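J.: Below you will find the structure I want to go over with you.
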Amino acid sequence: MTEDRLPLAELLAKAGDGDFLRTIAESVMQLLMEADVEGMIGAGRHERTLERATYRNGYRDRSLDTRLGSLQLRIPKLRQGSYFPPFLEPRKLSEKALVAVIQEAWISGVSTRRVDDLVQAMGLSGIGKSTVSKLCKDIDERVGGFLDRPLTGDWPYLWLDATYLKQREGGRIVSVAAIIAVAVNTDGKREIVGLHIGPSEAETFWSTFLKSLVRRGLSGVKLVISDAHEGLKAAIRRVFSASWQRCRVHWMRNALSYVPKAQQSMAAAALRQAFIQPDRAGAAQALRHVADQLRAKCPKLGTFIDDSETDVLAHLDFPSQHRTRIHSTNSLERLNKEVKRRADVVGIFPNEGSIIRLIGAVLLEANDEWQTQNRYMQTEPMAELMATDTKPETVRISTAAA
């Protein structure tokens, strides 16, 4: 079938051309005609199907005079019957084209002010933020279906991370946490499995989110990877019987904060030696050696390593083929950067629904892209992993402060 999304990025690249607005209008109308004809025929271009009603028979050219100038349209022809685009009726053309442009602009991170400028340049009246939001609400059904979809099978690895956005609430601007959950199933495929918006990262907030994932079918979780949020650790103990891996990148940053700046490079090199050990015993021994060596000069570092050793080495109890993926939340970093890029365009969200609409659409696009890629993890060790119980020592989630 015809691609159902306007290639706005390609059109925006032509923004310096004098025919930019006319090109947008022509592209929008051509997209709508192609989609309409496919519905009438019952098949896409070059698609073989028994439900096909007729066949395409070329195009006929038609000029349409608008405030943007003369638009050159190619109206599809049919072998049997005829087709005339209904949106060419008076007062329908600008409405449907505008909605398509605004929807794509919103999802692509184009600011509302730029959308408003585009609308006025097209010779129409200006459009405000509330109107843009209303026109985009038909995205909600697709985003809601994605975020609430049932989860089937086992998901041994679960990554959780929070990013903070600004939202208006009761006349004030408040910071809210947007929690994104990513999981890998036993087929080695990575998917975005949840998004949750809340005012804080307290245990009740995390528990509510994790329980919602379980209700949707998330099961078989063996390891949860995240930063050291106290509320999250408590929620994991309450909801899952799983190990917890403290993000190694965040752990290293926390550890070095206890070391004088002049000695941080040396300490970092020593700590990294622990993470290249082939097994948990060797890594634990290396960490304790560093802690003992630096305990006199950096007593807080020694205490920090003592309290967090179990959590930062949890990934070493899992298949070696998976360890480079599960020792940190790095797999979420690129996704979070894209979320922030889109969110920064908006600045301050008017309400929680607008956050879910935009961020949910970003996540939906990313998830669709992931499904076209190769497996994120090797599948051979998965069967063995799911057949064995998590080791008792890795179930423990320390209560040490972050």
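Residue numbering restarts at 1 in every chain; chains get A, B, ... in the order shown in the structure tokens, and ligands count up from 1 in that same order.
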Name all residues at most 12 Å from A:Ser257 (count only C-alpha atoms; drop same-chain ones fewer than 2 positions away) and give them as a PyMOL selection string.
T.: chain A and resi 250-255+259-265+267-268+298+300-301+304+402
J.: Based on the selection just made, write C-alpha atoms of those residues as a PDB file, in the first residue's frame.
T.:
```pdb
ATOM      1  CA  HIS A 250      25.983   5.426  36.269  1.00  0.00           C
ATOM      2  CA  TRP A 251      27.782   3.344  38.904  1.00  0.00           C
ATOM      3  CA  MET A 252      31.186   4.444  37.607  1.00  0.00           C
ATOM      4  CA  ARG A 253      30.080   8.071  37.635  1.00  0.00           C
ATOM      5  CA  ASN A 254      28.893   7.707  41.243  1.00  0.00           C
ATOM      6  CA  ALA A 255      32.107   5.947  42.298  1.00  0.00           C
ATOM      7  CA  VAL A 259      37.632  10.372  44.375  1.00  0.00           C
ATOM      8  CA  PRO A 260      39.656  13.639  44.183  1.00  0.00           C
ATOM      9  CA  LYS A 261      39.658  14.976  40.640  1.00  0.00           C
ATOM     10  CA  ALA A 262      43.423  14.529  40.234  1.00  0.00           C
ATOM     11  CA  GLN A 263      43.130  10.802  40.954  1.00  0.00           C
ATOM     12  CA  GLN A 264      39.967  10.021  38.993  1.00  0.00           C
ATOM     13  CA  SER A 265      41.743   8.763  35.855  1.00  0.00           C
ATOM     14  CA  ALA A 267      40.786   5.138  39.872  1.00  0.00           C
ATOM     15  CA  ALA A 268      38.692   4.710  36.720  1.00  0.00           C
ATOM     16  CA  CYS A 298      38.977   7.643  49.769  1.00  0.00           C
ATOM     17  CA  LYS A 300      33.675   6.844  50.991  1.00  0.00           C
ATOM     18  CA  LEU A 301      34.695   5.039  47.790  1.00  0.00           C
ATOM     19  CA  PHE A 304      30.407   2.592  48.198  1.00  0.00           C
ATOM     20  CA  ALA A 402      22.658   5.640  45.563  1.00  0.00           C
TER      21      ALA A 402
END
```
J.: Residues near A:Ala177, anyone? I mean within 9 Å using only C-alpha atoms, not counting same-chain ones fewer than 2 positions away, as a ChimeraX atom specification.
T.: /A:162-166,175,179,196-201
J.: Which is closer to A:Phe240 than all the others in A:Val174, A:Leu316, A:Leu158, A:Val182, using only C-alpha atoms?
T.: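 Checking each candidate against A:Phe240, we get A:Leu158 as the closest.
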J.: Have a look at A:Ile356, A:Ala366, A:Met386, A:Leu256 and name the one nearest to A:Leu335; count only C-alpha atoms.
T.: A:Ala366
